[in-house]
Structure formats: structure tokens, C-alpha cells
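Colleague: The structure under discussion is supplied below as C-alpha cells; questions concerning it will follow.
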Amino acid sequence: MQLYKDFLEAARKNDPCFKNKMDVFLYPGFWALFYYKISRWFYLKKCYFWSHFWMEIGKRLTSIEIHPGAIIGKRLFIDHGFGVVIGQTAVIGDDVVIYHGVTLGATGKEWGKRHPNIGDRVMIGAGAKILGNINIGSDVKIGANAIILKDVPDKMTAVGIYK
Amino acid sequence: MQLYKDFLEAARKNDPCFKNKMDVFLYPGFWALFYYKISRWFYLKKCYFWSHFWMEIGKRLTSIEIHPGAIIGKRLFIDHGFGVVIGQTAVIGDDVVIYHGVTLGATGKEWGKRHPNIGDRVMIGAGAKILGNINIGSDVKIGANAIILKDVPDKMTAVGIYK
Amino acid sequence: MQLYKDFLEAARKNDPCFKNKMDVFLYPGFWALFYYKISRWFYLKKCYFWSHFWMEIGKRLTSIEIHPGAIIGKRLFIDHGFGVVIGQTAVIGDDVVIYHGVTLGATGKEWGKRHPNIGDRVMIGAGAKILGNINIGSDVKIGANAIILKDVPDKMTAVGIYK
């Protein structure tokens, strides 16, 4: 219920095409969060097989993969959503907007905490890859197809290969 | 029926693997146009919920998202198709070829007309993002993973970050 | 059965989240190889319609497209997998790791052999596009969102636009 209200607020603010309250149920970004919550419930109980199972169900139905280990703030709005991958140790603040094709991933060089931290009100453009245990500040904008490999300070816009 | 004939012609011209007339029904690019037509029918009648509903059905079945507001020319050939997103106010000419991962999107700075216009016989490489209310001329080629943020004149090839 | 054992070995080595032997059946990368094998069986018998049919089934269920003409080595590990496209004449060595959004594609300028050859133990980052009949050496790493248009020698790391 809270999920519905939060998503409604986020959709209204971020999608110029948004028309109708019922539309919320048509957004894959809404369902991705719904399955994430189920998957996370099993994860916190250490039922890893069922956690993984519900993650995969959500992933096939929405094309968005959110690892149940990720910690997600309020009103996350994933628009379009194809191929979004959010890794196990990613941490996301409030009011973040993520477009399709975005990866919050690892570089393959770290184990343990190996995915990024994202601040509040961050906008991440389509196809951007944010890799490694780095910090993205609040109010940051990340350009489409950007590769982010180091910390981005608050209020900055980062594009291209940023390392 | 016209859709079938047009798609057959486009597939023959653009896909070196094309073998068989029946194959048309296996291309997600064909079904994406089919669902787009249903969705657009409701859209033009201003039944926005059902329009959105059929858009989502098409999107889940084909992994291609075409907003019913987009205006599409003849013989559009979307190859592979995963994660293609075509925005509400995009306009596409005839004989265009679009590969997987392409976005005809918005920059987030404009409302109203905020998606690109694409000329005739344009080829858009995999993963390219064309953002904002810009004009892509005819016979243009756009490189894979390119980011296009300003007008591209006729017959040009644009790659990398083009702004 | 061999497929299961190989995939288990690959998943253990490459995925820090891997916990459970049964998990293998939850990886889309496993099912993609399973459908590829069915599709390839028909392909080698020259039943092209059924080959294409099973390729499409696999593609819709896993979001990974592997053309049955591609030749694939042992223990290929496709992680996450959304939007991976492996073309008809691609050749892949052993112990390769491919992330989501990777394309082994063609440039549109060649017919016949038009997709890349990948060596052993290559790691291809998310969103990378490797295009044309080029050779990627063994132990190579390809960065996320990279565009690779010419040969990469053994043990190199290639990022950005490499041409």
C-alpha cells in the first residue's frame, strides 16, 4: 500500500505521459519493487534459494533485476526498465530516478561491498554503468551510456567515461 | 496484411539470416509493430488506459517499447530488439533500421515535443541513445552505443558522444 | 548433464552470490545455453524454421539471443544476461564471461563471416559491443559499454571506442 502511494507520487513527478492512478499497475518499475520486497523478505530470513527464486520471477516478468541484498530508499522510479541490474551491495537513497539499461554493478576486482552507493534525488540516464564500491552524491545527474568508475560529488553532472 | 508484406520486404533486405516467409512471425520486431498498432488505435480514441495496457503487453512479449503517440513510417525494421524504447513524440521516416538497445528518448529538460525526428533510410546501431527534440537527417548512420544530442545532417555517420 | 556440470563450475568461479547447486536452474545464462543446444541441433540438420523457432523461444524466456550458427566453447558464463546478442558467425573460446547487454555483432558492411572470434578466458563487460569479423585474443578484458571494431591482442584490456 505504501509502495503504491510512493510509486504514484514518483510516477506523477517523473513521467510526462502519466495520466491515470490505475496506470501504476502497468509500470514494470512498480512490479520490480514488489518482487524485490518478496525476495528481500526471504533473503533476510536467509532462505537464499527462495530469495533467488523470487528475484528470478521478478526479473523475467519485469526485465529489471534487483538483488535482494540491495538497500533501496523511498520513491525509487525505474522508468521503462529493460535490463536494469542492481547489485547485491548497492545502496540507493530517496527519490532516485533510473532509466532502462542502467547497471549498478561491480568491477570484478572487489569482493564483499563491491557495488555503488547512490545519494538522494539522483537521475541516472539510460544505459549508464556505475561500477565498483563508489559514492554518487545527492542531486547528481549521470548521462546516458556513461561509465562511472570513481566518486561523483554532490550536484555534479557526469558523462562519458568518468574515472 | 500490409504490415506483413512491409515487414517481409524489410527483413529480406536487412537480415542476412532471413530464409523463410513464415519467419516473419518469429521476429519480435514484427510483433512490436503489431501491438503498437493496437495500442495506437486506443490512443487515437483517447482510451489512454487501454492504450497503455496494450503497450505494456507488447513490451513484455517483445522487449520493445513503442509509445502509441510515436509516428512511424513504412518498413521499420527493428532487429533483435531487446530494450528498444521509442518515446511518445518521436517521428520515424520510411525504411529505418533500428538495432537492440536503441532509445529515442528525452533529455528530461523539455516537455511537450521532446523526442527526436528520424529521416528516411536511417540505420541506428545497437545501444545508441538519441535524446531530445532533434532532427536526424535521411541516409544517416548512427554508431553503436553513440549518444546523439544535436541535429545530424543528411548522409552523415555519427559516433561517440555527438553534442 | 555436461552442460549442468560445466555451468555449475562457471557459476562458482564467477558469481560471488552463488550459494546453492540448485541455483543453476535459476540462471538465465544456463537456460540460454540449453535452448541454444536445441536450436543448434535443428540448425545442423538444416531445419531452419524450427531452429529459428527454438532460438526465439529461448530468447523470450531468457532475454539472451544466441544464433544457432555461433560456435561456443566450454563453460561460457553469461551473467544477468538481458539483451545479450551473439551473431551467427561468432566463435567463442572456453571459460568466457559475458555480462548483460553485450553484442557480438556485425558492422553491416560484411556478409558471410561477419561476427567476431573470442579467445579463451575473455571477460566482456556490460553493454560492450564487439562488431565485425575481428579477433579478440585470450585473457582479454573488455570494459563496460566499450565499442570494439578492430583486433585486440592477448592479455589486453580494451575500453571506450577501440578502432
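Every chain in the C-alpha cells has a letter given in the order shown (A, B, ...), and although residue numbers restart at 1 in each chain, ligands are simply numbered from 1 in the order shown.
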Write out as a PyMOL selection string which residues come within 12 Å of C:Ile57 when counting only C-alpha atoms, dropping same-chain ones fewer than 3 positions away.

Modeller: (chain B and resi 26-28+61-62) or (chain C and resi 31-32+34-36+38-39+50-54+60-66)

Colleague: Just C-alpha atoms for this one: save the residues we selected as a CSV table (one decimal), in the first residue's frame.

Modeller:
```csv
chain,number,residue,atom,x,y,z
B,26,LEU,CA,9.2,-15.1,-35.3
B,27,TYR,CA,10.6,-11.6,-35.3
B,28,PRO,CA,9.9,-9.6,-32.2
B,61,LEU,CA,6.2,-10.0,-25.1
B,62,THR,CA,8.7,-8.4,-27.4
C,31,TRP,CA,18.7,-21.8,-20.0
C,32,ALA,CA,20.1,-19.8,-22.8
C,34,PHE,CA,20.1,-25.2,-23.1
C,35,TYR,CA,17.9,-23.6,-25.8
C,36,TYR,CA,20.9,-22.8,-27.9
C,38,ILE,CA,18.1,-27.5,-29.1
C,39,SER,CA,18.2,-24.7,-31.7
C,50,TRP,CA,12.5,-24.9,-36.2
C,51,SER,CA,15.9,-23.8,-35.4
C,52,HIS,CA,14.8,-20.2,-35.6
C,53,PHE,CA,11.6,-21.1,-33.6
C,54,TRP,CA,13.6,-22.5,-30.7
C,60,ARG,CA,11.9,-14.7,-25.0
C,61,LEU,CA,12.4,-16.8,-21.9
C,62,THR,CA,15.9,-15.7,-21.1
C,63,SER,CA,16.3,-12.3,-22.9
C,64,ILE,CA,19.5,-13.8,-24.3
C,65,GLU,CA,19.8,-14.3,-28.1
C,66,ILE,CA,22.4,-16.8,-29.3
```

Colleague: With only C-alpha atoms counted and 10 Å as the cut-off, give the residues of chain A in contact with chain C, each with its shortest interatomic distance in Å and the pair that gives it, as JSON lines.

Modeller:
```
{"residue": "A:Tyr48", "atom": "CA", "partner": "C:Lys19", "partner_atom": "CA", "distance": 7.6}
{"residue": "A:Phe49", "atom": "CA", "partner": "C:Asp23", "partner_atom": "CA", "distance": 6.8}
{"residue": "A:Trp50", "atom": "CA", "partner": "C:Asp23", "partner_atom": "CA", "distance": 9.7}
{"residue": "A:His52", "atom": "CA", "partner": "C:Leu26", "partner_atom": "CA", "distance": 7.5}
{"residue": "A:Phe53", "atom": "CA", "partner": "C:Leu26", "partner_atom": "CA", "distance": 6.7}
{"residue": "A:Trp54", "atom": "CA", "partner": "C:Leu26", "partner_atom": "CA", "distance": 9.8}
{"residue": "A:Met55", "atom": "CA", "partner": "C:Leu26", "partner_atom": "CA", "distance": 9.3}
{"residue": "A:Glu56", "atom": "CA", "partner": "C:Leu26", "partner_atom": "CA", "distance": 6.6}
{"residue": "A:Ile57", "atom": "CA", "partner": "C:Leu26", "partner_atom": "CA", "distance": 9.1}
{"residue": "A:Lys59", "atom": "CA", "partner": "C:His80", "partner_atom": "CA", "distance": 9.3}
{"residue": "A:Arg60", "atom": "CA", "partner": "C:Leu61", "partner_atom": "CA", "distance": 7.4}
{"residue": "A:Leu61", "atom": "CA", "partner": "C:Leu61", "partner_atom": "CA", "distance": 9.8}
{"residue": "A:Ser63", "atom": "CA", "partner": "C:Phe82", "partner_atom": "CA", "distance": 7.4}
{"residue": "A:Ile64", "atom": "CA", "partner": "C:Phe82", "partner_atom": "CA", "distance": 8.9}
{"residue": "A:Glu65", "atom": "CA", "partner": "C:His80", "partner_atom": "CA", "distance": 7.8}
{"residue": "A:His67", "atom": "CA", "partner": "C:Cys17", "partner_atom": "CA", "distance": 9.6}
{"residue": "A:Gly69", "atom": "CA", "partner": "C:Cys17", "partner_atom": "CA", "distance": 9.8}
{"residue": "A:Phe82", "atom": "CA", "partner": "C:Phe82", "partner_atom": "CA", "distance": 7.7}
{"residue": "A:Gly83", "atom": "CA", "partner": "C:Phe82", "partner_atom": "CA", "distance": 5.2}
{"residue": "A:Val84", "atom": "CA", "partner": "C:Phe82", "partner_atom": "CA", "distance": 8.5}
{"residue": "A:Val85", "atom": "CA", "partner": "C:His80", "partner_atom": "CA", "distance": 7.5}
{"residue": "A:Gly87", "atom": "CA", "partner": "C:Cys17", "partner_atom": "CA", "distance": 9.8}
{"residue": "A:Gln88", "atom": "CA", "partner": "C:Cys17", "partner_atom": "CA", "distance": 7.9}
{"residue": "A:Gly101", "atom": "CA", "partner": "C:Gly101", "partner_atom": "CA", "distance": 7.9}
{"residue": "A:Val102", "atom": "CA", "partner": "C:Gly127", "partner_atom": "CA", "distance": 9.6}
{"residue": "A:Thr103", "atom": "CA", "partner": "C:Ala126", "partner_atom": "CA", "distance": 8.0}
{"residue": "A:Gly105", "atom": "CA", "partner": "C:Ala126", "partner_atom": "CA", "distance": 9.0}
{"residue": "A:Thr107", "atom": "CA", "partner": "C:Gly125", "partner_atom": "CA", "distance": 8.7}
{"residue": "A:Gly108", "atom": "CA", "partner": "C:Asn14", "partner_atom": "CA", "distance": 8.8}
{"residue": "A:Glu110", "atom": "CA", "partner": "C:Pro16", "partner_atom": "CA", "distance": 9.9}
{"residue": "A:Trp111", "atom": "CA", "partner": "C:Pro16", "partner_atom": "CA", "distance": 7.2}
{"residue": "A:Gly112", "atom": "CA", "partner": "C:Pro16", "partner_atom": "CA", "distance": 8.3}
{"residue": "A:Gly127", "atom": "CA", "partner": "C:Gly127", "partner_atom": "CA", "distance": 7.7}
{"residue": "A:Ala128", "atom": "CA", "partner": "C:Asn145", "partner_atom": "CA", "distance": 8.4}
{"residue": "A:Lys129", "atom": "CA", "partner": "C:Ala144", "partner_atom": "CA", "distance": 7.1}
{"residue": "A:Ile130", "atom": "CA", "partner": "C:Ala144", "partner_atom": "CA", "distance": 9.5}
{"residue": "A:Leu131", "atom": "CA", "partner": "C:Ala144", "partner_atom": "CA", "distance": 9.0}
{"residue": "A:Asn145", "atom": "CA", "partner": "C:Asn145", "partner_atom": "CA", "distance": 7.1}
{"residue": "A:Ala146", "atom": "CA", "partner": "C:Asn145", "partner_atom": "CA", "distance": 8.2}
{"residue": "A:Ile147", "atom": "CA", "partner": "C:Ala144", "partner_atom": "CA", "distance": 7.1}
{"residue": "A:Ile148", "atom": "CA", "partner": "C:Ala144", "partner_atom": "CA", "distance": 9.9}
{"residue": "A:Gly160", "atom": "CA", "partner": "C:Gly160", "partner_atom": "CA", "distance": 9.0}
{"residue": "A:Ile161", "atom": "CA", "partner": "C:Gly160", "partner_atom": "CA", "distance": 7.5}
```

Colleague: For B:Leu8, work out the shell of residues within 8 Å, counting only C-alpha atoms and skipping chain neighbours fewer than 4 positions away, then give it as a short mmCIF file (atom, residue, chain, number, x, y, z; two decimals) with N, CA, C and O atoms, in the first residue's frame.

Modeller:
```
data_model
loop_
_atom_site.label_atom_id
_atom_site.label_comp_id
_atom_site.auth_asym_id
_atom_site.auth_seq_id
_atom_site.Cartn_x
_atom_site.Cartn_y
_atom_site.Cartn_z
N TYR B 4 2.46 -7.24 -42.68
CA TYR B 4 3.21 -8.46 -43.02
C TYR B 4 4.06 -8.26 -44.26
O TYR B 4 5.25 -8.56 -44.28
N ARG B 12 13.93 -9.16 -45.56
CA ARG B 12 14.72 -9.66 -46.69
C ARG B 12 15.91 -8.78 -46.97
O ARG B 12 17.01 -9.24 -47.29
N LYS B 21 9.52 -17.22 -45.51
CA LYS B 21 8.43 -16.26 -45.33
C LYS B 21 7.74 -16.37 -43.99
O LYS B 21 7.26 -15.38 -43.44
N VAL B 24 8.75 -14.42 -40.60
CA VAL B 24 8.29 -13.09 -40.20
C VAL B 24 7.62 -13.14 -38.82
O VAL B 24 7.84 -12.28 -37.97
#
```

Colleague: Would you mind writing down, as a CSV table (one decimal) with all heavy atoms, in the first residue's frame, each residue of stretch 25-76 of chain C that DSSP on the backbone assigns to strand (DSSP E)?

Modeller:
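What landed in selection17.csv:
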```csv
chain,number,residue,atom,x,y,z
C,64,ILE,N,18.2,-13.6,-23.8
C,64,ILE,CA,19.5,-13.8,-24.3
C,64,ILE,C,19.4,-14.4,-25.7
C,64,ILE,O,18.6,-15.4,-25.8
C,64,ILE,CB,20.4,-14.7,-23.5
C,64,ILE,CG1,20.7,-14.1,-22.1
C,64,ILE,CG2,21.7,-15.1,-24.2
C,64,ILE,CD1,21.2,-15.0,-21.1
C,65,GLU,N,20.0,-13.8,-26.7
C,65,GLU,CA,19.8,-14.3,-28.1
C,65,GLU,C,21.1,-14.9,-28.6
C,65,GLU,O,22.1,-14.2,-28.7
C,65,GLU,CB,19.4,-13.2,-29.0
C,65,GLU,CG,19.3,-13.6,-30.5
C,65,GLU,CD,18.7,-12.5,-31.4
C,65,GLU,OE1,18.0,-11.6,-30.8
C,65,GLU,OE2,18.9,-12.6,-32.6
C,66,ILE,N,21.2,-16.2,-28.8
C,66,ILE,CA,22.4,-16.8,-29.3
C,66,ILE,C,22.0,-17.5,-30.6
C,66,ILE,O,21.1,-18.4,-30.7
C,66,ILE,CB,22.9,-17.9,-28.4
C,66,ILE,CG1,23.1,-17.4,-27.0
C,66,ILE,CG2,24.3,-18.5,-28.9
C,66,ILE,CD1,23.6,-18.4,-26.0
C,71,ILE,N,29.5,-20.7,-32.7
C,71,ILE,CA,30.2,-21.9,-32.1
C,71,ILE,C,30.7,-21.4,-30.7
C,71,ILE,O,31.4,-20.4,-30.6
C,71,ILE,CB,31.4,-22.2,-33.1
C,71,ILE,CG1,30.8,-22.7,-34.4
C,71,ILE,CG2,32.3,-23.3,-32.4
C,71,ILE,CD1,31.8,-22.9,-35.5
C,72,ILE,N,30.4,-22.2,-29.7
C,72,ILE,CA,30.6,-21.8,-28.4
C,72,ILE,C,31.4,-22.8,-27.6
C,72,ILE,O,31.1,-24.0,-27.6
C,72,ILE,CB,29.2,-21.6,-27.7
C,72,ILE,CG1,28.5,-20.4,-28.3
C,72,ILE,CG2,29.4,-21.3,-26.2
C,72,ILE,CD1,27.2,-20.0,-27.7
```

Colleague: Could you please determine the separation between atom CA of B:Tyr99 and atom CA of B:Asp120 in Å, to one decimal place?

Modeller: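 For atom CA of B:Tyr99 relative to atom CA of B:Asp120, the distance reads 15.6 Å.
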
Colleague: Pull the helix (DSSP H, G or I) assignments for stretch 38-160 of chain C out of DSSP run on the backbone, and list those residues as a VMD selection string.

Modeller: chain C and resid 38 to 44 48 to 62

Colleague: Using only C-alpha atoms, which protein or nucleic acid residues come within 9 Å of C:Asn135? Drop anything in the same chain fewer than 2 positions from it, and give the result as a CSV table (one decimal) with all heavy atoms, in the first residue's frame.

Modeller:
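The resulting around36.csv:
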```csv
chain,number,residue,atom,x,y,z
C,116,PRO,N,32.6,-11.6,-34.6
C,116,PRO,CA,33.9,-11.7,-34.0
C,116,PRO,C,34.3,-13.2,-33.5
C,116,PRO,O,33.4,-14.0,-33.3
C,116,PRO,CB,33.9,-10.8,-32.8
C,116,PRO,CG,32.5,-10.5,-32.5
C,116,PRO,CD,31.7,-10.7,-33.7
C,117,ASN,N,35.6,-13.4,-33.4
C,117,ASN,CA,36.1,-14.6,-32.7
C,117,ASN,C,36.7,-14.1,-31.4
C,117,ASN,O,37.4,-13.2,-31.3
C,117,ASN,CB,37.3,-15.1,-33.5
C,117,ASN,CG,36.9,-15.5,-35.0
C,117,ASN,OD1,35.9,-16.1,-35.2
C,117,ASN,ND2,37.7,-15.0,-35.9
C,118,ILE,N,36.3,-14.9,-30.3
C,118,ILE,CA,36.6,-14.5,-29.0
C,118,ILE,C,37.5,-15.6,-28.5
C,118,ILE,O,37.2,-16.8,-28.6
C,118,ILE,CB,35.4,-14.4,-28.1
C,118,ILE,CG1,34.3,-13.5,-28.7
C,118,ILE,CG2,35.7,-14.0,-26.7
C,118,ILE,CD1,34.6,-12.1,-28.8
C,119,GLY,N,38.7,-15.3,-27.8
C,119,GLY,CA,39.6,-16.3,-27.3
C,119,GLY,C,39.2,-16.9,-26.0
C,119,GLY,O,38.0,-16.8,-25.7
C,133,ASN,N,34.1,-9.0,-38.2
C,133,ASN,CA,34.9,-10.2,-38.2
C,133,ASN,C,36.3,-10.0,-37.7
C,133,ASN,O,37.3,-9.9,-38.4
C,133,ASN,CB,34.9,-10.8,-39.6
C,133,ASN,CG,35.7,-12.1,-39.7
C,133,ASN,OD1,35.9,-12.8,-38.7
C,133,ASN,ND2,36.1,-12.5,-40.9
C,137,GLY,N,41.8,-11.7,-28.6
C,137,GLY,CA,42.8,-12.7,-28.1
C,137,GLY,C,42.3,-13.3,-26.7
C,137,GLY,O,41.3,-13.0,-26.2
C,150,LYS,N,38.3,-3.4,-33.9
C,150,LYS,CA,39.5,-4.0,-34.5
C,150,LYS,C,40.0,-5.1,-33.6
C,150,LYS,O,39.6,-5.2,-32.4
C,150,LYS,CB,40.5,-2.9,-34.9
C,150,LYS,CG,41.1,-2.3,-33.6
C,150,LYS,CD,42.3,-1.4,-34.0
C,150,LYS,CE,43.0,-0.9,-32.7
C,150,LYS,NZ,44.1,0.0,-32.9
C,151,ASP,N,41.0,-5.8,-34.0
C,151,ASP,CA,41.6,-6.9,-33.3
C,151,ASP,C,42.1,-6.5,-31.9
C,151,ASP,O,42.7,-5.4,-31.8
C,151,ASP,CB,42.7,-7.6,-34.0
C,151,ASP,CG,42.2,-8.4,-35.3
C,151,ASP,OD1,41.0,-8.3,-35.5
C,151,ASP,OD2,43.0,-9.0,-35.9
C,152,VAL,N,41.9,-7.3,-30.9
C,152,VAL,CA,42.5,-7.0,-29.6
C,152,VAL,C,43.5,-8.1,-29.3
C,152,VAL,O,43.2,-9.3,-29.3
C,152,VAL,CB,41.5,-6.9,-28.5
C,152,VAL,CG1,42.1,-6.6,-27.1
C,152,VAL,CG2,40.4,-5.8,-28.8
C,153,PRO,N,44.8,-7.7,-29.0
C,153,PRO,CA,45.8,-8.8,-28.8
C,153,PRO,C,45.6,-9.5,-27.4
C,153,PRO,O,44.9,-8.9,-26.5
C,153,PRO,CB,47.2,-8.0,-28.8
C,153,PRO,CG,46.9,-6.6,-29.0
C,153,PRO,CD,45.4,-6.4,-29.0
```
